[in-house]
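Chemist: I'm passing along entry24.cif; it holds mmCIF, N, CA and C atoms and all ligand atoms.
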```
data_target
#
loop_
_atom_site.label_atom_id
_atom_site.label_comp_id
_atom_site.auth_asym_id
_atom_site.auth_seq_id
_atom_site.Cartn_x
_atom_site.Cartn_y
_atom_site.Cartn_z
N MET A 1 -96.96 -56.04 103.77
CA MET A 1 -97.17 -56.68 105.05
C MET A 1 -98.66 -56.87 105.35
N ALA A 2 -99.46 -56.87 104.31
CA ALA A 2 -100.88 -57.07 104.56
C ALA A 2 -101.50 -57.80 103.38
N PHE A 3 -102.67 -58.34 103.64
CA PHE A 3 -103.40 -59.00 102.57
C PHE A 3 -104.03 -57.98 101.65
N LYS A 4 -104.18 -58.36 100.40
CA LYS A 4 -104.95 -57.55 99.46
C LYS A 4 -106.38 -58.07 99.46
N PRO A 5 -107.35 -57.24 99.87
CA PRO A 5 -108.73 -57.73 99.91
C PRO A 5 -109.30 -57.95 98.52
N ILE A 6 -110.05 -59.01 98.38
CA ILE A 6 -110.65 -59.33 97.08
C ILE A 6 -112.00 -60.00 97.33
N SER A 7 -112.93 -59.79 96.40
CA SER A 7 -114.22 -60.45 96.55
C SER A 7 -114.08 -61.90 96.09
N LEU A 8 -114.98 -62.73 96.60
CA LEU A 8 -114.94 -64.16 96.24
C LEU A 8 -115.07 -64.33 94.73
N LYS A 9 -115.95 -63.54 94.14
CA LYS A 9 -116.21 -63.62 92.70
C LYS A 9 -114.95 -63.32 91.89
N LYS A 10 -114.26 -62.22 92.27
CA LYS A 10 -113.05 -61.82 91.55
C LYS A 10 -111.94 -62.84 91.73
N TYR A 11 -111.79 -63.32 92.97
CA TYR A 11 -110.73 -64.29 93.22
C TYR A 11 -110.97 -65.58 92.43
N LEU A 12 -112.23 -65.97 92.40
CA LEU A 12 -112.62 -67.17 91.68
C LEU A 12 -112.16 -67.09 90.22
N LYS A 13 -112.36 -65.94 89.62
CA LYS A 13 -111.96 -65.71 88.23
C LYS A 13 -110.45 -65.86 88.06
N ILE A 14 -109.69 -65.21 88.95
CA ILE A 14 -108.23 -65.27 88.89
C ILE A 14 -107.75 -66.71 89.06
N HIS A 15 -108.34 -67.38 90.05
CA HIS A 15 -107.92 -68.74 90.34
C HIS A 15 -108.18 -69.67 89.15
N LEU A 16 -109.34 -69.51 88.54
CA LEU A 16 -109.69 -70.38 87.41
C LEU A 16 -108.84 -70.07 86.18
N ASN A 17 -108.44 -68.80 86.05
CA ASN A 17 -107.56 -68.42 84.94
C ASN A 17 -106.21 -69.11 85.06
N SER A 18 -105.69 -69.16 86.30
CA SER A 18 -104.37 -69.79 86.44
C SER A 18 -104.47 -71.29 86.68
N ASN A 19 -105.65 -71.79 86.97
CA ASN A 19 -105.85 -73.24 87.12
C ASN A 19 -107.01 -73.71 86.26
N PRO A 20 -106.83 -73.68 84.94
CA PRO A 20 -107.95 -73.94 84.02
C PRO A 20 -108.54 -75.35 84.17
N SER A 21 -107.79 -76.26 84.76
CA SER A 21 -108.32 -77.62 84.88
C SER A 21 -109.30 -77.77 86.04
N MET A 22 -109.34 -76.78 86.93
CA MET A 22 -110.23 -76.87 88.08
C MET A 22 -111.64 -76.44 87.72
N LYS A 23 -112.61 -77.10 88.36
CA LYS A 23 -114.01 -76.77 88.09
C LYS A 23 -114.45 -75.60 88.96
N GLU A 24 -115.18 -74.66 88.36
CA GLU A 24 -115.63 -73.47 89.07
C GLU A 24 -116.42 -73.83 90.33
N ALA A 25 -117.35 -74.77 90.20
CA ALA A 25 -118.21 -75.12 91.34
C ALA A 25 -117.39 -75.68 92.50
N THR A 26 -116.36 -76.46 92.16
CA THR A 26 -115.51 -77.07 93.19
C THR A 26 -114.73 -76.00 93.95
N VAL A 27 -114.12 -75.07 93.19
CA VAL A 27 -113.32 -74.02 93.80
C VAL A 27 -114.21 -73.11 94.65
N LYS A 28 -115.37 -72.76 94.11
CA LYS A 28 -116.30 -71.89 94.82
C LYS A 28 -116.73 -72.53 96.15
N LYS A 29 -117.03 -73.81 96.10
CA LYS A 29 -117.46 -74.50 97.32
C LYS A 29 -116.32 -74.54 98.34
N ALA A 30 -115.10 -74.82 97.86
CA ALA A 30 -113.95 -74.88 98.76
C ALA A 30 -113.73 -73.54 99.46
N LEU A 31 -113.86 -72.45 98.68
CA LEU A 31 -113.68 -71.11 99.25
C LEU A 31 -114.79 -70.80 100.25
N LYS A 32 -116.01 -71.14 99.90
CA LYS A 32 -117.13 -70.86 100.80
C LYS A 32 -117.02 -71.67 102.09
N ASP A 33 -116.60 -72.92 101.97
CA ASP A 33 -116.42 -73.76 103.15
C ASP A 33 -115.34 -73.18 104.07
N ALA A 34 -114.23 -72.74 103.46
CA ALA A 34 -113.14 -72.17 104.26
C ALA A 34 -113.57 -70.86 104.91
N LEU A 35 -114.37 -70.07 104.19
CA LEU A 35 -114.86 -68.81 104.75
C LEU A 35 -115.78 -69.08 105.95
N LYS A 36 -116.58 -70.12 105.82
CA LYS A 36 -117.47 -70.49 106.93
C LYS A 36 -116.63 -70.91 108.15
N THR A 37 -115.59 -71.68 107.88
CA THR A 37 -114.69 -72.10 108.97
C THR A 37 -114.10 -70.89 109.67
N TYR A 38 -113.66 -69.91 108.87
CA TYR A 38 -113.11 -68.67 109.43
C TYR A 38 -114.16 -67.96 110.27
N LYS A 39 -115.38 -67.84 109.72
CA LYS A 39 -116.45 -67.12 110.42
C LYS A 39 -116.88 -67.86 111.69
N ASP A 40 -116.75 -69.18 111.68
CA ASP A 40 -117.07 -69.95 112.88
C ASP A 40 -116.02 -69.75 113.97
N GLY A 41 -114.94 -69.07 113.62
CA GLY A 41 -113.91 -68.76 114.61
C GLY A 41 -112.85 -69.84 114.77
N LYS A 42 -112.83 -70.82 113.88
CA LYS A 42 -111.79 -71.86 113.99
C LYS A 42 -110.45 -71.25 113.62
N ARG A 43 -109.42 -71.71 114.29
CA ARG A 43 -108.08 -71.18 114.05
C ARG A 43 -107.13 -72.27 113.58
N CYS A 44 -106.00 -71.81 113.10
CA CYS A 44 -104.90 -72.70 112.75
C CYS A 44 -104.38 -73.33 114.05
N SER A 45 -103.71 -74.46 113.96
CA SER A 45 -103.20 -75.11 115.17
C SER A 45 -102.18 -74.23 115.90
N CYS A 46 -101.61 -73.23 115.23
CA CYS A 46 -100.63 -72.35 115.87
C CYS A 46 -101.28 -71.20 116.61
N GLY A 47 -102.61 -71.02 116.48
CA GLY A 47 -103.29 -69.94 117.21
C GLY A 47 -103.70 -68.76 116.35
N ASN A 48 -103.24 -68.72 115.10
CA ASN A 48 -103.64 -67.64 114.20
C ASN A 48 -104.98 -67.95 113.53
N ASP A 49 -105.63 -66.89 113.04
CA ASP A 49 -106.81 -67.10 112.20
C ASP A 49 -106.37 -67.74 110.89
N ILE A 50 -107.27 -68.52 110.30
CA ILE A 50 -106.90 -69.19 109.05
C ILE A 50 -106.87 -68.20 107.89
N TRP A 51 -106.09 -68.56 106.88
CA TRP A 51 -106.04 -67.79 105.62
C TRP A 51 -107.01 -68.49 104.69
N VAL A 52 -108.18 -67.86 104.48
CA VAL A 52 -109.28 -68.53 103.78
C VAL A 52 -108.87 -69.02 102.39
N ILE A 53 -108.19 -68.16 101.64
CA ILE A 53 -107.83 -68.51 100.27
C ILE A 53 -106.86 -69.69 100.21
N GLY A 54 -105.94 -69.76 101.17
CA GLY A 54 -105.03 -70.89 101.22
C GLY A 54 -105.71 -72.12 101.80
N ALA A 55 -106.49 -71.88 102.86
CA ALA A 55 -107.13 -72.97 103.58
C ALA A 55 -108.12 -73.73 102.69
N ALA A 56 -108.69 -73.04 101.72
CA ALA A 56 -109.65 -73.68 100.83
C ALA A 56 -109.02 -74.85 100.08
N PHE A 57 -107.71 -74.80 99.90
CA PHE A 57 -107.04 -75.83 99.09
C PHE A 57 -106.13 -76.75 99.88
N VAL A 58 -105.64 -76.30 101.03
CA VAL A 58 -104.69 -77.17 101.76
C VAL A 58 -105.14 -77.47 103.19
N GLY A 59 -106.30 -76.99 103.61
CA GLY A 59 -106.76 -77.28 104.97
C GLY A 59 -106.68 -76.05 105.86
N ASN A 60 -107.28 -76.15 107.03
CA ASN A 60 -107.47 -74.99 107.89
C ASN A 60 -106.20 -74.53 108.58
N LYS A 61 -105.40 -73.77 107.83
CA LYS A 61 -104.17 -73.25 108.39
C LYS A 61 -104.04 -71.76 108.10
N CYS A 62 -103.15 -71.10 108.84
CA CYS A 62 -102.94 -69.66 108.64
C CYS A 62 -101.93 -69.44 107.51
N PHE A 63 -101.78 -68.19 107.13
CA PHE A 63 -100.87 -67.82 106.05
C PHE A 63 -99.45 -68.31 106.32
N THR A 64 -98.96 -68.06 107.52
CA THR A 64 -97.58 -68.41 107.85
C THR A 64 -97.36 -69.92 107.79
N CYS A 65 -98.31 -70.70 108.32
CA CYS A 65 -98.15 -72.16 108.31
C CYS A 65 -98.27 -72.72 106.90
N ILE A 66 -99.01 -72.06 106.03
CA ILE A 66 -99.16 -72.55 104.66
C ILE A 66 -97.96 -72.16 103.80
N THR A 67 -97.52 -70.90 103.91
CA THR A 67 -96.49 -70.41 102.99
C THR A 67 -95.09 -70.42 103.60
N GLY A 68 -94.98 -70.45 104.93
CA GLY A 68 -93.68 -70.37 105.57
C GLY A 68 -93.19 -68.93 105.67
N GLU A 69 -93.99 -67.97 105.19
CA GLU A 69 -93.61 -66.56 105.28
C GLU A 69 -94.30 -65.93 106.48
N SER A 70 -93.64 -64.95 107.12
CA SER A 70 -94.21 -64.32 108.31
C SER A 70 -95.41 -63.44 107.98
N TYR A 71 -95.29 -62.67 106.88
CA TYR A 71 -96.35 -61.73 106.54
C TYR A 71 -96.72 -61.84 105.07
N PRO A 72 -97.99 -61.60 104.79
CA PRO A 72 -98.39 -61.60 103.38
C PRO A 72 -97.86 -60.35 102.68
N THR A 73 -97.41 -60.51 101.44
CA THR A 73 -97.05 -59.37 100.61
C THR A 73 -97.76 -59.56 99.28
N ASP A 74 -98.74 -58.73 99.05
CA ASP A 74 -99.53 -58.82 97.83
C ASP A 74 -100.25 -60.15 97.68
N ASP A 75 -100.52 -60.82 98.80
CA ASP A 75 -101.30 -62.04 98.74
C ASP A 75 -102.76 -61.68 98.97
N TYR A 76 -103.63 -62.36 98.25
CA TYR A 76 -105.05 -62.07 98.38
C TYR A 76 -105.66 -62.73 99.60
N GLU A 77 -106.67 -62.08 100.15
CA GLU A 77 -107.55 -62.71 101.13
C GLU A 77 -108.95 -62.20 100.86
N LEU A 78 -109.94 -63.06 101.06
CA LEU A 78 -111.32 -62.64 100.82
C LEU A 78 -111.67 -61.47 101.72
N LYS A 79 -112.40 -60.50 101.15
CA LYS A 79 -112.82 -59.31 101.89
C LYS A 79 -113.44 -59.65 103.24
N ASP A 80 -114.31 -60.67 103.23
CA ASP A 80 -115.03 -61.03 104.45
C ASP A 80 -114.14 -61.66 105.52
N ALA A 81 -112.90 -61.96 105.17
CA ALA A 81 -112.02 -62.62 106.13
C ALA A 81 -110.74 -61.82 106.33
N ILE A 82 -110.76 -60.55 105.92
CA ILE A 82 -109.54 -59.75 105.92
C ILE A 82 -109.11 -59.39 107.34
N LYS A 83 -110.06 -59.31 108.24
CA LYS A 83 -109.74 -58.91 109.61
C LYS A 83 -109.30 -60.13 110.42
N LYS A 84 -108.03 -60.18 110.76
CA LYS A 84 -107.53 -61.30 111.54
C LYS A 84 -107.44 -60.91 113.01
N ARG A 85 -107.86 -61.84 113.86
CA ARG A 85 -107.78 -61.57 115.29
C ARG A 85 -106.36 -61.83 115.79
N PRO A 86 -106.01 -61.27 116.95
CA PRO A 86 -104.67 -61.56 117.47
C PRO A 86 -104.52 -63.06 117.72
N SER A 87 -103.32 -63.55 117.55
CA SER A 87 -103.06 -64.97 117.76
C SER A 87 -103.33 -65.36 119.21
N THR A 88 -103.77 -66.59 119.41
CA THR A 88 -103.99 -67.06 120.77
C THR A 88 -102.79 -67.85 121.27
N ALA A 89 -101.71 -67.87 120.50
CA ALA A 89 -100.54 -68.64 120.91
C ALA A 89 -100.06 -68.17 122.27
N GLY A 90 -99.90 -69.09 123.20
CA GLY A 90 -99.39 -68.76 124.52
C GLY A 90 -100.42 -68.15 125.45
N ARG A 91 -101.65 -67.96 124.95
CA ARG A 91 -102.68 -67.38 125.81
C ARG A 91 -103.51 -68.49 126.43
N LYS A 92 -103.98 -68.22 127.62
CA LYS A 92 -104.78 -69.23 128.30
C LYS A 92 -106.25 -69.08 127.96
N HIS A 93 -106.88 -70.23 127.68
CA HIS A 93 -108.32 -70.24 127.48
C HIS A 93 -108.99 -70.50 128.81
N ILE A 94 -110.14 -69.87 129.01
CA ILE A 94 -110.82 -69.95 130.30
C ILE A 94 -111.15 -71.40 130.68
N ASP A 95 -111.37 -72.26 129.67
CA ASP A 95 -111.67 -73.67 129.96
C ASP A 95 -110.46 -74.44 130.48
N GLU A 96 -109.25 -73.88 130.28
CA GLU A 96 -108.04 -74.58 130.72
C GLU A 96 -107.63 -74.18 132.13
N ILE A 97 -108.33 -73.20 132.71
CA ILE A 97 -107.95 -72.67 134.01
C ILE A 97 -108.88 -73.26 135.07
N PRO A 98 -108.32 -73.78 136.18
CA PRO A 98 -109.20 -74.30 137.25
C PRO A 98 -110.16 -73.20 137.72
N PRO A 99 -111.44 -73.52 137.87
CA PRO A 99 -112.45 -72.49 138.18
C PRO A 99 -112.07 -71.57 139.34
N LYS A 100 -111.41 -72.09 140.36
CA LYS A 100 -111.07 -71.25 141.52
C LYS A 100 -109.96 -70.25 141.20
N LYS A 101 -109.23 -70.49 140.12
CA LYS A 101 -108.10 -69.60 139.79
C LYS A 101 -108.46 -68.58 138.72
N ILE A 102 -109.71 -68.59 138.28
CA ILE A 102 -110.08 -67.66 137.22
C ILE A 102 -110.15 -66.24 137.76
N ALA A 103 -109.37 -65.36 137.17
CA ALA A 103 -109.35 -63.96 137.58
C ALA A 103 -108.92 -63.14 136.37
N GLY A 104 -109.25 -61.87 136.38
CA GLY A 104 -108.81 -61.02 135.29
C GLY A 104 -109.84 -60.91 134.20
N PHE A 105 -109.38 -60.66 133.01
CA PHE A 105 -110.29 -60.37 131.90
C PHE A 105 -110.13 -61.39 130.79
N PHE A 106 -111.24 -61.65 130.11
CA PHE A 106 -111.22 -62.61 129.01
C PHE A 106 -111.96 -62.00 127.82
N ASP A 107 -111.48 -62.32 126.65
CA ASP A 107 -112.16 -61.79 125.46
C ASP A 107 -113.37 -62.65 125.11
N ASP A 108 -114.09 -62.30 124.06
CA ASP A 108 -115.33 -63.00 123.70
C ASP A 108 -115.09 -64.47 123.35
N ASP A 109 -113.87 -64.80 122.96
CA ASP A 109 -113.56 -66.19 122.63
C ASP A 109 -113.15 -66.99 123.86
N GLY A 110 -113.04 -66.31 125.01
CA GLY A 110 -112.69 -67.01 126.25
C GLY A 110 -111.19 -67.01 126.54
N TYR A 111 -110.42 -66.19 125.82
CA TYR A 111 -108.99 -66.14 126.06
C TYR A 111 -108.65 -65.00 127.02
N GLU A 112 -107.66 -65.28 127.87
CA GLU A 112 -107.21 -64.30 128.85
C GLU A 112 -106.68 -63.06 128.13
N VAL A 113 -107.06 -61.89 128.64
CA VAL A 113 -106.56 -60.63 128.05
C VAL A 113 -105.36 -60.18 128.86
N ASN A 114 -104.27 -59.95 128.17
CA ASN A 114 -103.06 -59.48 128.83
C ASN A 114 -103.10 -57.96 128.94
N LEU A 115 -103.40 -57.47 130.15
CA LEU A 115 -103.58 -56.02 130.33
C LEU A 115 -102.29 -55.24 130.10
N ASP A 116 -101.14 -55.87 130.35
CA ASP A 116 -99.88 -55.17 130.11
C ASP A 116 -99.74 -54.78 128.64
N LEU A 117 -100.16 -55.69 127.77
CA LEU A 117 -100.06 -55.40 126.33
C LEU A 117 -100.99 -54.25 125.95
N ILE A 118 -102.18 -54.23 126.53
CA ILE A 118 -103.13 -53.18 126.21
C ILE A 118 -102.62 -51.83 126.69
N LYS A 119 -102.05 -51.80 127.92
CA LYS A 119 -101.48 -50.54 128.44
C LYS A 119 -100.40 -50.02 127.51
N ASN A 120 -99.53 -50.92 127.07
CA ASN A 120 -98.46 -50.50 126.17
C ASN A 120 -99.02 -49.90 124.89
N LEU A 121 -100.08 -50.49 124.39
CA LEU A 121 -100.69 -49.98 123.17
C LEU A 121 -101.21 -48.55 123.36
N LEU A 122 -101.80 -48.30 124.53
CA LEU A 122 -102.38 -46.98 124.79
C LEU A 122 -101.32 -45.89 124.80
N TYR A 123 -100.09 -46.21 125.22
CA TYR A 123 -99.07 -45.19 125.35
C TYR A 123 -98.20 -45.06 124.10
N VAL A 124 -98.46 -45.86 123.10
CA VAL A 124 -97.61 -45.79 121.88
C VAL A 124 -97.84 -44.47 121.17
ZN ZN A 201 -100.63 -71.31 111.71
#
```
Mind turning the file's structure into structure tokens?
Ligand SMILES: [Zn+2]
Modeler:
Amino acid sequence: MAFKPISLKKYLKIHLNSNPSMKEATVKKALKDALKTYKDGKRCSCGNDIWVIGAAFVGNKCFTCITGESYPTDDYELKDAIKKRPSTAGRKHIDEIPPKKIAGFFDDDGYEVNLDLIKNLLYV
């Protein structure tokens, strides 16, 4: 139920072994571009963080949208992108709320923080 962390260098080797027709420079650039997209905070259209290794080849989407599976099992993800933020699906962004109605807490990305969820976490 989790990604297996791997360095870009190691993944590159594995990928080229199973895709011998692909050029190393092309694959490396695709991975680096996708990693940059992840680091810039761009998300999949569904609200999840992108899966860098998948996104490098099929576009900026998350693991679930790329594979159709809910959770990764023994799937690789680059070490630098292993930490996925909670999905923003169904959450309100501060820019979508009329200024007079803004109340409560927002995370660094500008999404409303659901305090009920946090309370539940504390008592688990
Ligand atoms: Zn998605």
Chemist: Just want the 12 Å neighbourhood of Gly104 in chain A, counted on only C-alpha atoms, with same-chain residues fewer than 3 positions away dropped. Output as JSON, numbers by chain.
Modeler: {"A": [92, 94, 97, 101, 107, 110, 111, 112, 113, 114, 115, 116]}
Chemist: Select the residues contacting ligand ZN 201 (chain A) at a distance of at most 6.5 Å, based on only N, CA and C atoms and all ligand atoms, then format the selection as a PyMOL selection string.
Modeler: chain A and resi 44-48+61-66
Chemist: Excluding same-chain residues fewer than 4 positions from range 2-15 of chain A, what lies within 6 Å of it counting all atoms listed in the file, as a ChimeraX atom specification?
Modeler: /A:19-20,71-79
Chemist: Under the rule that only C-alpha atoms are counted, which of A:Ala103, A:Ala81, A:Ala89, A:Leu16 is the nearest residue to Asp40 in chain A?
Modeler: A:Ala81
Chemist: Record the distance separating CA of Thr26 in chain A and atom N of Arg85 in chain A, expressed in Å with one decimal.
Modeler: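 Atom-to-atom, CA of Thr26 in chain A to atom N of Arg85 in chain A, that is 26.8 Å.
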Chemist: Between A:Lys83, A:Ile53, A:Phe106, A:Asn60, which one has atoms that come closest to Val27 in chain A, using only C-alpha atoms?
Modeler: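 Checking each candidate against Val27 in chain A, we get A:Ile53 as the closest.
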Chemist: Do you have the CA of Gly90 in chain A-atom N of Ser70 in chain A distance handy?
Modeler: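 A separation of 18.7 Å between them.
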Chemist: Rounded to one decimal, what separation in Å do you get between CA of Ile102 in chain A and CA of Lys42 in chain A?
Modeler: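 CA of Ile102 in chain A sits 23.7 Å away from CA of Lys42 in chain A.
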Chemist: Work out where the centre of an axis-aligned box around every listed atom of range 91-96 of chain A lies and how long its edges are once 6 Å is added on each side; give both in Å to one decimal as AutoDock Vina command-line options.
Modeler:
```
--center_x -106.7 --center_y -71.0 --center_z 128.5 --size_x 22.0 --size_y 19.2 --size_z 19.2
```
Chemist: Using only C-alpha atoms, which of the listed residues (A:Lys23, A:Lys84, A:Lys100, A:Lys36) sits closest to Ala56 in chain A?
Modeler: A:Lys36
